[in-house]
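Enquirer: Coordinates in my_file36.txt, compact mmCIF, C-alpha atoms and all ligand atoms, are listed below.
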# COMPACT_ATOMS: atom_id res chain seq x y z
CA MET A 4 11.42 -25.75 -17.24
CA ASP A 5 7.80 -25.71 -18.32
CA PRO A 6 6.69 -22.05 -18.14
CA ILE A 7 3.09 -23.15 -17.69
CA LYS A 8 4.01 -24.75 -14.36
CA ASN A 9 6.05 -21.74 -13.24
CA PRO A 10 4.83 -21.05 -9.68
CA PHE A 11 6.34 -17.57 -9.28
CA SER A 12 4.26 -14.44 -9.59
CA PRO A 13 6.06 -11.16 -10.12
CA GLY A 14 3.64 -8.25 -10.37
CA ALA A 15 1.93 -5.55 -8.34
CA GLY A 16 -0.45 -7.21 -5.90
CA SER A 17 0.03 -10.70 -7.42
CA PRO A 18 -0.36 -13.21 -4.63
CA PRO A 19 2.94 -15.05 -4.14
CA PRO A 20 2.91 -18.86 -4.21
CA GLU A 21 3.86 -18.68 -0.54
CA LEU A 22 3.49 -15.67 1.71
CA VAL A 23 6.65 -16.08 3.79
CA GLY A 24 7.94 -14.10 6.74
CA ARG A 25 4.71 -12.27 7.52
CA ASP A 26 3.24 -14.39 10.32
CA PRO A 27 3.77 -11.77 13.05
CA ILE A 28 1.85 -9.16 11.03
CA LEU A 29 -0.95 -11.56 10.20
CA GLU A 30 -1.19 -12.51 13.86
CA GLN A 31 -1.38 -8.84 14.84
CA ALA A 32 -4.17 -8.38 12.28
CA ARG A 33 -6.02 -11.44 13.61
CA VAL A 34 -5.95 -10.06 17.15
CA LEU A 35 -7.02 -6.61 15.95
CA LEU A 36 -9.97 -7.99 14.00
CA GLY A 37 -10.99 -10.20 16.90
CA ARG A 38 -10.89 -7.37 19.40
CA VAL A 39 -12.70 -4.78 17.28
CA LYS A 40 -15.44 -7.30 16.60
CA GLN A 41 -15.89 -7.62 20.35
CA LYS A 42 -15.80 -3.82 20.60
CA LYS A 43 -12.57 -3.80 22.56
CA PRO A 44 -10.15 -0.94 21.94
CA GLU A 45 -7.18 -1.69 19.70
CA LYS A 46 -4.91 0.39 17.48
CA SER A 47 -5.74 0.25 13.79
CA MET A 48 -2.94 -0.90 11.50
CA LEU A 49 -1.25 1.05 8.75
CA LEU A 50 1.38 -1.08 7.01
CA THR A 51 4.32 0.91 5.75
CA GLY A 52 7.15 0.00 3.44
CA LEU A 53 8.86 0.56 0.13
CA ARG A 54 7.34 -0.43 -3.20
CA GLY A 55 7.43 -4.13 -3.96
CA VAL A 56 7.76 -5.40 -0.38
CA GLY A 57 4.31 -6.98 -0.37
CA LYS A 58 1.97 -4.49 1.31
CA THR A 59 -0.88 -4.94 -1.17
CA VAL A 60 -0.62 -8.70 -0.98
CA LEU A 61 -0.75 -8.51 2.83
CA LEU A 62 -3.69 -6.15 2.81
CA ASN A 63 -5.59 -8.51 0.51
CA GLN A 64 -4.78 -11.41 2.81
CA ILE A 65 -6.02 -9.41 5.80
CA GLU A 66 -9.23 -8.64 3.91
CA ARG A 67 -9.78 -12.37 3.43
CA MET A 68 -9.18 -12.90 7.15
CA ALA A 69 -11.68 -10.17 7.96
CA ARG A 70 -14.31 -11.68 5.67
CA SER A 71 -13.91 -15.10 7.15
CA ALA A 72 -14.20 -13.57 10.62
CA GLY A 73 -17.61 -12.27 9.55
CA TYR A 74 -16.65 -8.71 8.68
CA LEU A 75 -18.17 -6.73 5.88
CA THR A 76 -15.26 -5.20 4.00
CA ILE A 77 -14.60 -2.22 1.81
CA SER A 78 -11.38 -2.10 -0.13
CA ILE A 79 -10.13 1.01 -1.92
CA GLU A 80 -6.92 2.26 -3.45
CA ALA A 81 -6.08 5.94 -3.12
CA HIS A 82 -4.52 7.81 -5.98
CA GLU A 83 -3.44 11.30 -6.74
CA GLU A 84 -6.42 12.35 -8.84
CA LYS A 85 -9.41 11.16 -6.86
CA SER A 86 -10.90 12.50 -3.66
CA LEU A 87 -11.48 10.32 -0.63
CA SER A 88 -15.23 11.03 -0.81
CA ALA A 89 -15.52 9.94 -4.44
CA LEU A 90 -13.59 6.75 -3.69
CA ILE A 91 -15.45 5.72 -0.58
CA VAL A 92 -19.06 6.65 -1.27
CA PRO A 93 -19.91 3.90 -3.79
CA HIS A 94 -18.50 1.31 -1.39
CA LEU A 95 -20.42 2.65 1.59
CA ARG A 96 -23.55 2.55 -0.51
CA SER A 97 -23.00 -1.15 -1.40
CA LEU A 98 -22.15 -1.87 2.20
CA LEU A 99 -25.43 -0.42 3.39
CA PHE A 100 -27.33 -2.53 0.89
CA GLU A 101 -25.37 -5.58 1.99
CA LEU A 102 -26.43 -4.82 5.57
CA LYS A 103 -30.00 -4.45 4.45
CA ARG A 104 -29.98 -7.99 3.13
CA ILE A 105 -28.93 -9.29 6.53
CA ALA A 106 -32.03 -9.80 8.64
CA GLY A 107 -32.75 -7.14 11.24
CA ALA A 108 -34.57 -3.92 11.82
CA PHE A 109 -34.59 -1.50 8.90
CA ASP A 110 -34.47 1.91 10.55
CA LYS A 111 -30.68 1.98 11.03
CA PHE A 112 -30.18 1.03 7.41
CA LYS A 113 -32.54 3.77 6.30
CA ARG A 114 -30.81 6.29 8.50
CA GLY A 115 -27.44 5.22 7.06
CA LEU A 116 -28.73 5.78 3.58
CA ALA A 117 -30.23 9.19 4.41
CA VAL A 118 -26.99 10.35 6.04
CA LEU A 119 -24.98 9.09 3.08
CA ARG A 120 -27.33 11.01 0.80
CA GLY A 121 -26.62 14.19 2.79
CA PHE A 122 -22.86 13.59 2.56
CA ILE A 123 -23.06 13.09 -1.21
CA GLY A 124 -24.90 16.39 -1.52
CA ALA A 125 -22.43 18.30 0.63
CA PHE A 126 -19.37 17.06 -1.25
CA LYS A 127 -21.00 16.94 -4.68
CA VAL A 128 -19.66 13.43 -5.01
CA THR A 129 -19.69 12.03 -8.50
CA VAL A 130 -18.26 8.80 -9.79
CA ASN A 131 -17.16 8.89 -13.41
CA GLU A 132 -18.96 12.23 -13.73
CA VAL A 133 -22.28 10.72 -12.72
CA SER A 134 -23.72 11.69 -9.39
CA ILE A 135 -24.70 8.71 -7.32
CA GLY A 136 -28.41 8.33 -7.12
CA LEU A 137 -29.94 7.34 -3.81
CA ASP A 138 -33.68 7.32 -3.83
CA ILE A 139 -34.10 8.82 -0.37
CA GLU A 140 -34.39 12.23 1.24
CA PRO A 141 -31.05 13.35 2.70
CA GLU A 142 -30.84 13.53 6.50
CA GLU A 143 -30.11 17.10 7.39
CA GLY A 144 -27.43 18.12 9.84
CA THR A 145 -25.42 14.92 10.34
CA ALA A 146 -22.82 14.62 7.59
CA ASP A 147 -23.64 17.47 5.25
CA SER A 148 -21.79 20.48 6.70
CA GLY A 149 -19.18 20.44 3.94
CA ASP A 150 -16.37 20.11 6.50
CA LEU A 151 -14.85 16.74 5.71
CA GLU A 152 -13.41 16.19 9.19
CA VAL A 153 -16.81 16.47 10.82
CA ASP A 154 -18.84 14.83 8.10
CA LEU A 155 -16.70 11.77 7.47
CA ALA A 156 -16.60 10.97 11.18
CA ASN A 157 -20.38 11.30 11.48
CA LEU A 158 -20.96 9.26 8.35
CA LEU A 159 -18.71 6.41 9.48
CA VAL A 160 -20.32 6.43 12.93
CA VAL A 161 -23.76 5.98 11.39
CA ILE A 162 -22.47 3.20 9.12
CA ALA A 163 -20.79 1.46 12.07
CA GLU A 164 -24.01 1.75 14.09
CA ALA A 165 -25.97 0.20 11.25
CA ALA A 166 -23.47 -2.68 11.19
CA GLN A 167 -23.59 -3.05 14.96
CA ASP A 168 -27.34 -3.18 14.76
CA ARG A 169 -27.00 -6.23 12.50
CA LYS A 170 -24.36 -7.71 14.82
CA ARG A 171 -21.74 -7.23 12.17
CA ALA A 172 -18.40 -5.45 11.99
CA VAL A 173 -16.90 -3.38 9.18
CA ALA A 174 -13.30 -3.34 7.94
CA ILE A 175 -12.19 -0.52 5.66
CA LEU A 176 -9.00 -1.37 3.77
CA ILE A 177 -7.14 1.42 2.01
CA ASP A 178 -4.06 0.89 -0.12
CA GLU A 179 -1.63 3.68 -1.08
CA ILE A 180 -2.99 5.84 1.75
CA GLN A 181 -0.14 8.35 1.37
CA TYR A 182 -1.87 9.75 -1.73
CA PHE A 183 -4.67 11.31 0.29
CA ASP A 184 -4.10 14.97 1.00
CA LYS A 185 -3.55 16.28 4.49
CA LYS A 186 -7.19 17.21 4.98
CA GLU A 187 -8.43 13.78 3.92
CA LEU A 188 -5.90 11.94 6.04
CA GLY A 189 -6.81 14.16 8.98
CA ALA A 190 -10.50 13.40 8.44
CA LEU A 191 -9.86 9.65 8.38
CA ILE A 192 -7.86 9.85 11.59
CA MET A 193 -10.55 11.96 13.26
CA ALA A 194 -13.20 9.51 12.16
CA MET A 195 -11.27 6.57 13.62
CA HIS A 196 -10.79 8.54 16.82
CA LYS A 197 -14.51 8.97 17.17
CA ILE A 198 -15.24 5.35 16.28
CA GLN A 199 -12.84 4.23 18.99
CA GLN A 200 -14.36 6.49 21.61
CA LEU A 201 -17.79 5.11 20.84
CA GLN A 202 -16.38 1.57 20.72
CA LEU A 203 -18.07 0.81 17.46
CA PRO A 204 -17.16 -2.27 15.43
CA LEU A 205 -15.36 -0.55 12.57
CA VAL A 206 -11.66 -0.91 11.81
CA LEU A 207 -9.31 0.76 9.38
CA LEU A 208 -6.45 -1.19 7.81
CA GLY A 209 -4.18 0.61 5.44
CA ALA A 210 -0.93 0.45 3.57
CA GLY A 211 1.41 3.11 2.28
CA LEU A 212 4.94 4.31 1.73
CA PRO A 213 7.30 4.96 4.65
CA ILE A 214 6.31 8.64 4.68
CA LEU A 215 2.92 7.61 6.07
CA PRO A 216 3.64 7.77 9.83
CA GLY A 217 5.07 11.27 9.33
CA LEU A 218 2.08 12.43 7.30
CA ALA A 219 -0.37 11.03 9.83
CA GLY A 220 1.48 12.63 12.74
CA GLU A 221 1.58 15.95 10.94
CA SER A 222 -2.14 16.06 10.31
CA LYS A 223 -3.15 14.84 13.78
CA SER A 224 -0.63 14.66 16.59
CA TYR A 225 -2.56 11.91 18.37
CA ALA A 226 -2.35 9.63 15.31
CA GLU A 227 0.33 7.48 16.90
CA ARG A 228 -1.97 6.61 19.77
CA LEU A 229 -4.64 5.40 17.33
CA PHE A 230 -2.53 3.53 14.80
CA SER A 231 0.33 1.12 14.75
CA PHE A 232 2.63 1.35 11.75
CA PRO A 233 4.16 -2.08 11.21
CA ASP A 234 7.22 -1.80 9.03
CA ILE A 235 7.09 -4.20 6.09
CA GLY A 236 10.60 -4.82 4.87
CA ALA A 237 12.72 -7.16 2.83
CA LEU A 238 12.77 -10.88 3.62
CA SER A 239 15.61 -12.46 5.58
CA ALA A 240 17.93 -14.78 3.65
CA LYS A 241 16.14 -17.75 5.20
CA ASP A 242 12.67 -16.49 4.25
CA ALA A 243 13.75 -15.52 0.74
CA ALA A 244 15.12 -19.04 0.27
CA LYS A 245 11.84 -20.48 1.53
CA ALA A 246 9.84 -18.23 -0.83
CA LEU A 247 11.71 -19.86 -3.72
CA GLN A 248 12.35 -23.39 -2.56
CA ASP A 249 8.93 -24.35 -1.18
CA PRO A 250 6.89 -23.49 -4.29
CA ALA A 251 9.54 -25.09 -6.52
CA LYS A 252 9.54 -28.28 -4.44
CA ALA A 253 5.76 -28.41 -4.54
CA ALA A 254 6.16 -28.58 -8.33
CA GLY A 255 8.84 -31.29 -8.11
CA VAL A 256 11.79 -28.93 -8.75
CA SER A 257 14.50 -27.59 -6.47
CA PHE A 258 17.01 -24.76 -6.26
CA GLN A 259 20.65 -25.49 -5.40
CA PRO A 260 21.73 -23.68 -2.23
CA ALA A 261 24.25 -21.62 -4.23
CA ALA A 262 21.42 -20.51 -6.53
CA LEU A 263 19.38 -19.36 -3.53
CA ASP A 264 22.36 -17.45 -2.13
CA GLU A 265 22.82 -15.74 -5.48
CA VAL A 266 19.16 -14.64 -5.65
CA PHE A 267 19.46 -13.20 -2.16
CA ARG A 268 22.66 -11.39 -3.04
CA LEU A 269 21.00 -9.82 -6.09
CA THR A 270 17.60 -9.01 -4.58
CA LYS A 271 18.59 -8.24 -0.99
CA GLY A 272 15.42 -10.12 -0.12
CA TYR A 273 12.93 -7.69 -1.72
CA PRO A 274 9.86 -9.80 -2.38
CA TYR A 275 9.04 -8.42 -5.82
CA PHE A 276 12.58 -9.04 -7.03
CA VAL A 277 12.65 -12.50 -5.47
CA GLN A 278 9.56 -13.40 -7.52
CA GLU A 279 11.05 -11.89 -10.67
CA TRP A 280 14.33 -13.82 -10.37
CA GLY A 281 12.52 -17.00 -9.39
CA TYR A 282 10.23 -16.67 -12.38
CA GLN A 283 12.98 -16.09 -14.93
CA ALA A 284 15.32 -18.69 -13.46
CA TRP A 285 12.56 -21.27 -13.66
CA ASN A 286 11.89 -20.54 -17.31
CA LEU A 287 15.58 -20.62 -18.22
CA ALA A 288 16.55 -23.73 -16.25
CA PRO A 289 17.15 -26.72 -18.55
CA SER A 290 16.27 -29.14 -15.73
CA SER A 291 16.06 -29.49 -11.96
CA PRO A 292 17.91 -28.51 -9.84
CA ILE A 293 18.09 -24.82 -10.71
CA THR A 294 21.76 -23.81 -10.50
CA LYS A 295 23.64 -20.63 -9.68
CA GLN A 296 24.60 -20.43 -13.35
CA THR A 297 20.92 -20.33 -14.33
CA VAL A 298 20.26 -17.55 -11.82
CA GLU A 299 23.16 -15.60 -13.33
CA ASN A 300 21.72 -16.10 -16.80
CA ALA A 301 18.31 -15.02 -15.54
CA THR A 302 19.75 -11.70 -14.41
CA LYS A 303 20.21 -10.76 -18.08
CA THR A 304 16.45 -11.09 -18.66
CA VAL A 305 15.38 -9.75 -15.29
CA ILE A 306 17.16 -6.40 -15.44
CA PRO A 307 15.58 -5.23 -18.72
CA ARG A 308 12.19 -6.46 -17.48
CA LEU A 309 12.53 -4.55 -14.21
CA ASP A 310 13.68 -1.50 -16.10
CA GLN A 311 10.65 -1.65 -18.38
CA ASN A 312 7.94 -2.72 -15.97
CA PHE A 313 8.97 -1.48 -12.58
CA PHE A 314 11.38 1.41 -12.91
CA ARG A 315 10.57 3.01 -16.26
CA VAL A 316 6.92 3.89 -15.47
CA ARG A 317 8.13 5.87 -12.49
CA PHE A 318 10.99 7.46 -14.38
CA ASP A 319 8.71 8.66 -17.17
CA ARG A 320 6.61 10.71 -14.76
CA LEU A 321 9.58 12.89 -13.81
CA THR A 322 10.59 16.31 -15.08
CA PRO A 323 14.19 16.83 -16.28
CA GLY A 324 15.01 18.66 -13.05
CA GLU A 325 13.63 15.80 -10.96
CA LYS A 326 15.60 13.25 -12.99
CA ASN A 327 18.73 15.24 -12.39
CA PHE A 328 18.13 15.29 -8.65
CA LEU A 329 17.62 11.53 -8.56
CA ARG A 330 20.63 10.91 -10.76
CA ALA A 331 22.81 12.96 -8.44
CA MET A 332 21.41 11.01 -5.51
CA ALA A 333 22.07 7.70 -7.30
CA SER A 334 25.68 8.58 -7.96
CA LEU A 335 26.18 8.81 -4.19
CA GLY A 336 25.36 5.10 -3.94
CA PRO A 337 22.55 3.00 -2.42
CA GLY A 338 20.84 3.84 0.87
CA ALA A 339 19.99 7.18 2.44
CA GLN A 340 21.89 10.28 1.34
CA ARG A 341 22.33 13.68 2.97
CA THR A 342 20.46 16.43 1.12
CA GLY A 343 23.61 18.52 1.48
CA ASP A 344 25.64 15.94 -0.45
CA ILE A 345 23.03 15.84 -3.22
CA ALA A 346 23.14 19.62 -3.50
CA GLU A 347 26.91 19.50 -3.70
CA LYS A 348 26.77 16.92 -6.51
CA LEU A 349 24.38 19.18 -8.38
CA GLY A 350 26.49 22.24 -7.67
CA VAL A 351 23.60 24.14 -6.09
CA LYS A 352 22.61 25.44 -2.65
CA VAL A 353 20.71 23.06 -0.39
CA THR A 354 17.99 25.64 0.13
CA SER A 355 17.23 25.74 -3.60
CA LEU A 356 16.34 22.03 -3.60
CA GLY A 357 13.25 22.36 -1.39
CA PRO A 358 10.57 22.52 -4.10
CA ILE A 359 12.00 19.67 -6.21
CA ARG A 360 12.46 17.53 -3.16
CA SER A 361 8.86 17.98 -2.02
CA LYS A 362 7.57 17.19 -5.55
CA LEU A 363 9.57 13.97 -5.54
CA ILE A 364 8.22 13.07 -2.11
CA LYS A 365 4.69 13.79 -3.30
CA LYS A 366 5.20 11.58 -6.36
CA GLY A 367 6.29 8.82 -3.98
CA MET A 368 9.80 8.58 -5.43
CA ILE A 369 11.82 9.45 -2.34
CA TYR A 370 11.21 9.81 1.37
CA SER A 371 13.07 11.05 4.37
CA PRO A 372 14.07 8.20 6.70
CA ALA A 373 15.69 10.69 9.08
CA HIS A 374 16.01 14.46 9.26
CA GLY A 375 18.13 15.77 6.39
CA ASP A 376 18.34 12.35 4.72
CA MET A 377 16.71 11.19 1.50
CA ALA A 378 16.23 7.65 0.25
CA PHE A 379 14.54 6.01 -2.75
CA THR A 380 11.13 4.40 -2.16
CA VAL A 381 11.88 1.82 -4.83
CA PRO A 382 14.64 -0.64 -3.99
CA LEU A 383 17.56 -0.73 -6.45
CA PHE A 384 16.32 2.49 -8.07
CA ASP A 385 19.79 4.00 -7.71
CA GLU A 386 21.26 1.36 -10.03
CA PHE A 387 18.43 1.93 -12.50
CA MET A 388 19.05 5.70 -12.55
CA ILE A 389 22.63 5.08 -13.53
CA ARG A 390 21.55 2.74 -16.34
CA ALA A 391 18.92 5.24 -17.51
CA ILE A 392 21.30 8.21 -17.48
CA PRO A 393 24.79 6.72 -17.82
CA LYS A 394 26.60 10.02 -18.28
CA PHE A 395 26.24 12.54 -15.52
CA LYS A 396 28.31 15.61 -15.16
CA GLY A 397 27.91 15.96 -11.36
N1 LIG B 401 5.85 -12.47 1.79
C1 LIG B 401 6.15 -12.62 0.49
N2 LIG B 401 6.88 -13.66 0.06
C2 LIG B 401 7.18 -13.79 -1.25
N3 LIG B 401 6.77 -12.96 -2.21
C3 LIG B 401 6.04 -11.91 -1.86
C4 LIG B 401 5.68 -11.69 -0.49
N4 LIG B 401 4.93 -10.56 -0.42
C5 LIG B 401 4.82 -10.10 -1.70
N5 LIG B 401 5.47 -10.90 -2.57
C6 LIG B 401 5.58 -10.65 -4.01
O1 LIG B 401 6.12 -9.34 -4.16
C7 LIG B 401 5.52 -8.65 -5.25
C8 LIG B 401 5.02 -7.28 -4.79
O2 LIG B 401 3.93 -7.38 -3.90
P1 LIG B 401 2.96 -6.14 -3.63
O3 LIG B 401 2.00 -6.58 -2.59
O4 LIG B 401 2.42 -5.63 -4.92
O5 LIG B 401 3.99 -5.07 -3.02
P2 LIG B 401 3.71 -3.55 -2.59
O6 LIG B 401 2.23 -3.36 -2.47
O7 LIG B 401 4.42 -3.39 -1.28
O8 LIG B 401 4.30 -2.70 -3.66
C9 LIG B 401 4.45 -9.58 -5.81
O9 LIG B 401 4.98 -10.20 -6.96
C10 LIG B 401 4.24 -10.62 -4.72
O10 LIG B 401 3.91 -11.88 -5.25
MG MG B 402 1.00 -2.04 -3.43
Output the structure of this file as structure tokens.
Ligand SMILES: Nc1ncnc2c1ncn2[C@@H]1O[C@H](COP(=O)(O)OP(=O)(O)O)[C@@H](O)[C@H]1O
Ligand SMILES: [Mg+2]
Expert:
Amino acid sequence: MDPIKNPFSPGAGSPPPELVGRDPILEQARVLLGRVKQKKPEKSMLLTGLRGVGKTVLLNQIERMARSAGYLTISIEAHEEKSLSALIVPHLRSLLFELKRIAGAFDKFKRGLAVLRGFIGAFKVTVNEVSIGLDIEPEEGTADSGDLEVDLANLLVVIAEAAQDRKRAVAILIDEIQYFDKKELGALIMAMHKIQQLQLPLVLLGAGLPILPGLAGESKSYAERLFSFPDIGALSAKDAAKALQDPAKAAGVSFQPAALDEVFRLTKGYPYFVQEWGYQAWNLAPSSPITKQTVENATKTVIPRLDQNFFRVRFDRLTPGEKNFLRAMASLGPGAQRTGDIAEKLGVKVTSLGPIRSKLIKKGMIYSPAHGDMAFTVPLFDEFMIRAIPKFKG
């Protein structure tokens, strides 16, 4: 079929032709945004799930909802190498200038800027090695102590007050939140705690790997009272079928039911894989309807593409010891595995695996769904590990 008309969109953060199965989450976000805007208490949302389930796409959709509800939004993506301060400061600066353009009194805006200036000084924030210039004297004593927990909270309070002054609300959206270190995560949680107590119109919406609730709880025990952690998972068979059939039909093409069943069998409903199979099957199909045979043929193109684009980048960041650990885990099959069984496969003591295991968790490769268990954060990674390292002595 004509590849130009191909409706499917495999790729990190690529909006799917149809966002299926996520209505309950979007409804929860709508209520949250509505309540915070009216300064009513509500838990902030941190979406959690494996890679490729559609967290980024959802977060982007929620940002659009926030904007159309009149919010000013800031959207950042955490990563291992950058500090929270360096990521957030340029956005807070733009936000203050955006507020300035909205009619209203200027003193709150000026105060916001002066406090931000103090914060920049205290944390020596630079962006691309250039310190951020703000042509204003720093306000002393509000957000310049150098203790991130205190300063971030004070800074966000001042920003939220400036927004409130303009009768506006602020939504801060953070993707890949698990990459912040414990201190930064703790500071964010503290800041949201303070914002909630003061009932200011500022909301945090985030997304991260399934380790996120654990990390948040570890850094602040009251985190669970402040945040809800909706679990974003695979699509049901019905939703996966809809994700394929509706966009195809809109383009005058259809999938045979057996073809839809086959995609579900292969992908287990993981959104990224559904898009990938849909995309390849479309391109390979000689005509409508798309048959099970075409889906089977597509698998031959999909697997090498997944290996190259999705799995390989993660694999290449691993040390030989880490690869070995994951390979041993993969040979135990899909799903969660006991650390004890992995150790046995490797022929080592469980206690010796601690450091490697925590490196792999930090790199976002594995997580612990339950005490003593380990699972891959990337669906189907076990099968990939076996393809990547076919021979394993374990
Ligand atoms: N609800 C959905 N229905 C169908 N496809 C989806 C859905 N959510 C995401 N996708 C697709 O899944 C892929 C991964 O989405 P992304 O948001 O990058 O996942 P994550 O951030 O969880 O890794 C994208 O190709 C996207 O189009
Ligand atoms: Mg993402």
Enquirer: If we count only C-alpha atoms, what is near segment 248-264 of chain A at a cut-off of 6 Å, once residues fewer than 5 positions away on the same chain are taken out, given as an mmCIF file with C-alpha atoms, keeping the file's coordinate frame?
Expert:
data_model
loop_
_atom_site.group_PDB
_atom_site.id
_atom_site.type_symbol
_atom_site.label_atom_id
_atom_site.label_comp_id
_atom_site.auth_asym_id
_atom_site.auth_seq_id
_atom_site.Cartn_x
_atom_site.Cartn_y
_atom_site.Cartn_z
ATOM 1 C CA SER A 291 16.060 -29.490 -11.960
ATOM 2 C CA PRO A 292 17.910 -28.510 -9.840
ATOM 3 C CA ILE A 293 18.090 -24.820 -10.710
ATOM 4 C CA THR A 294 21.760 -23.810 -10.500
ATOM 5 C CA LYS A 295 23.640 -20.630 -9.680
#
Enquirer: Using only C-alpha atoms, find the one residue out of A:Lys352, A:Lys396, A:Arg171, A:Arg228 that sits nearest to Ile105 of chain A.
Expert: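 Residue with the minimum atom-to-atom distance to Ile105 of chain A: A:Arg171.
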Enquirer: Measuring between all atoms listed in the file, which one of A:Arg341, A:Arg38, A:Lys113, A:Lys8 shows the shortest distance to Pro20 of chain A?
Expert: A:Lys8
Enquirer: Distance atom CA of Val60 of chain A-atom CA of Lys303 of chain A, one decimal place?
Expert: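 Rounded to one decimal, the two atoms are 27.0 Å apart.
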Enquirer: Go through the chains and note each residue within 7 Å of ligand LIG 401 (chain B), using all atoms listed in the file, then give the set as a VMD selection string.
Expert: chain A and resid 12 to 19 21 to 25 52 to 61 246 274 to 275 277 to 278
Enquirer: Measuring atom to atom with only C-alpha atoms and all ligand atoms, identify which of A:Lys326, A:His82, A:Lys111, A:Lys394 is nearest to ligand MG 402 (chain B).
Expert: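 Once distances to ligand MG 402 (chain B) are computed over only C-alpha atoms and all ligand atoms, the minimum belongs to A:His82.
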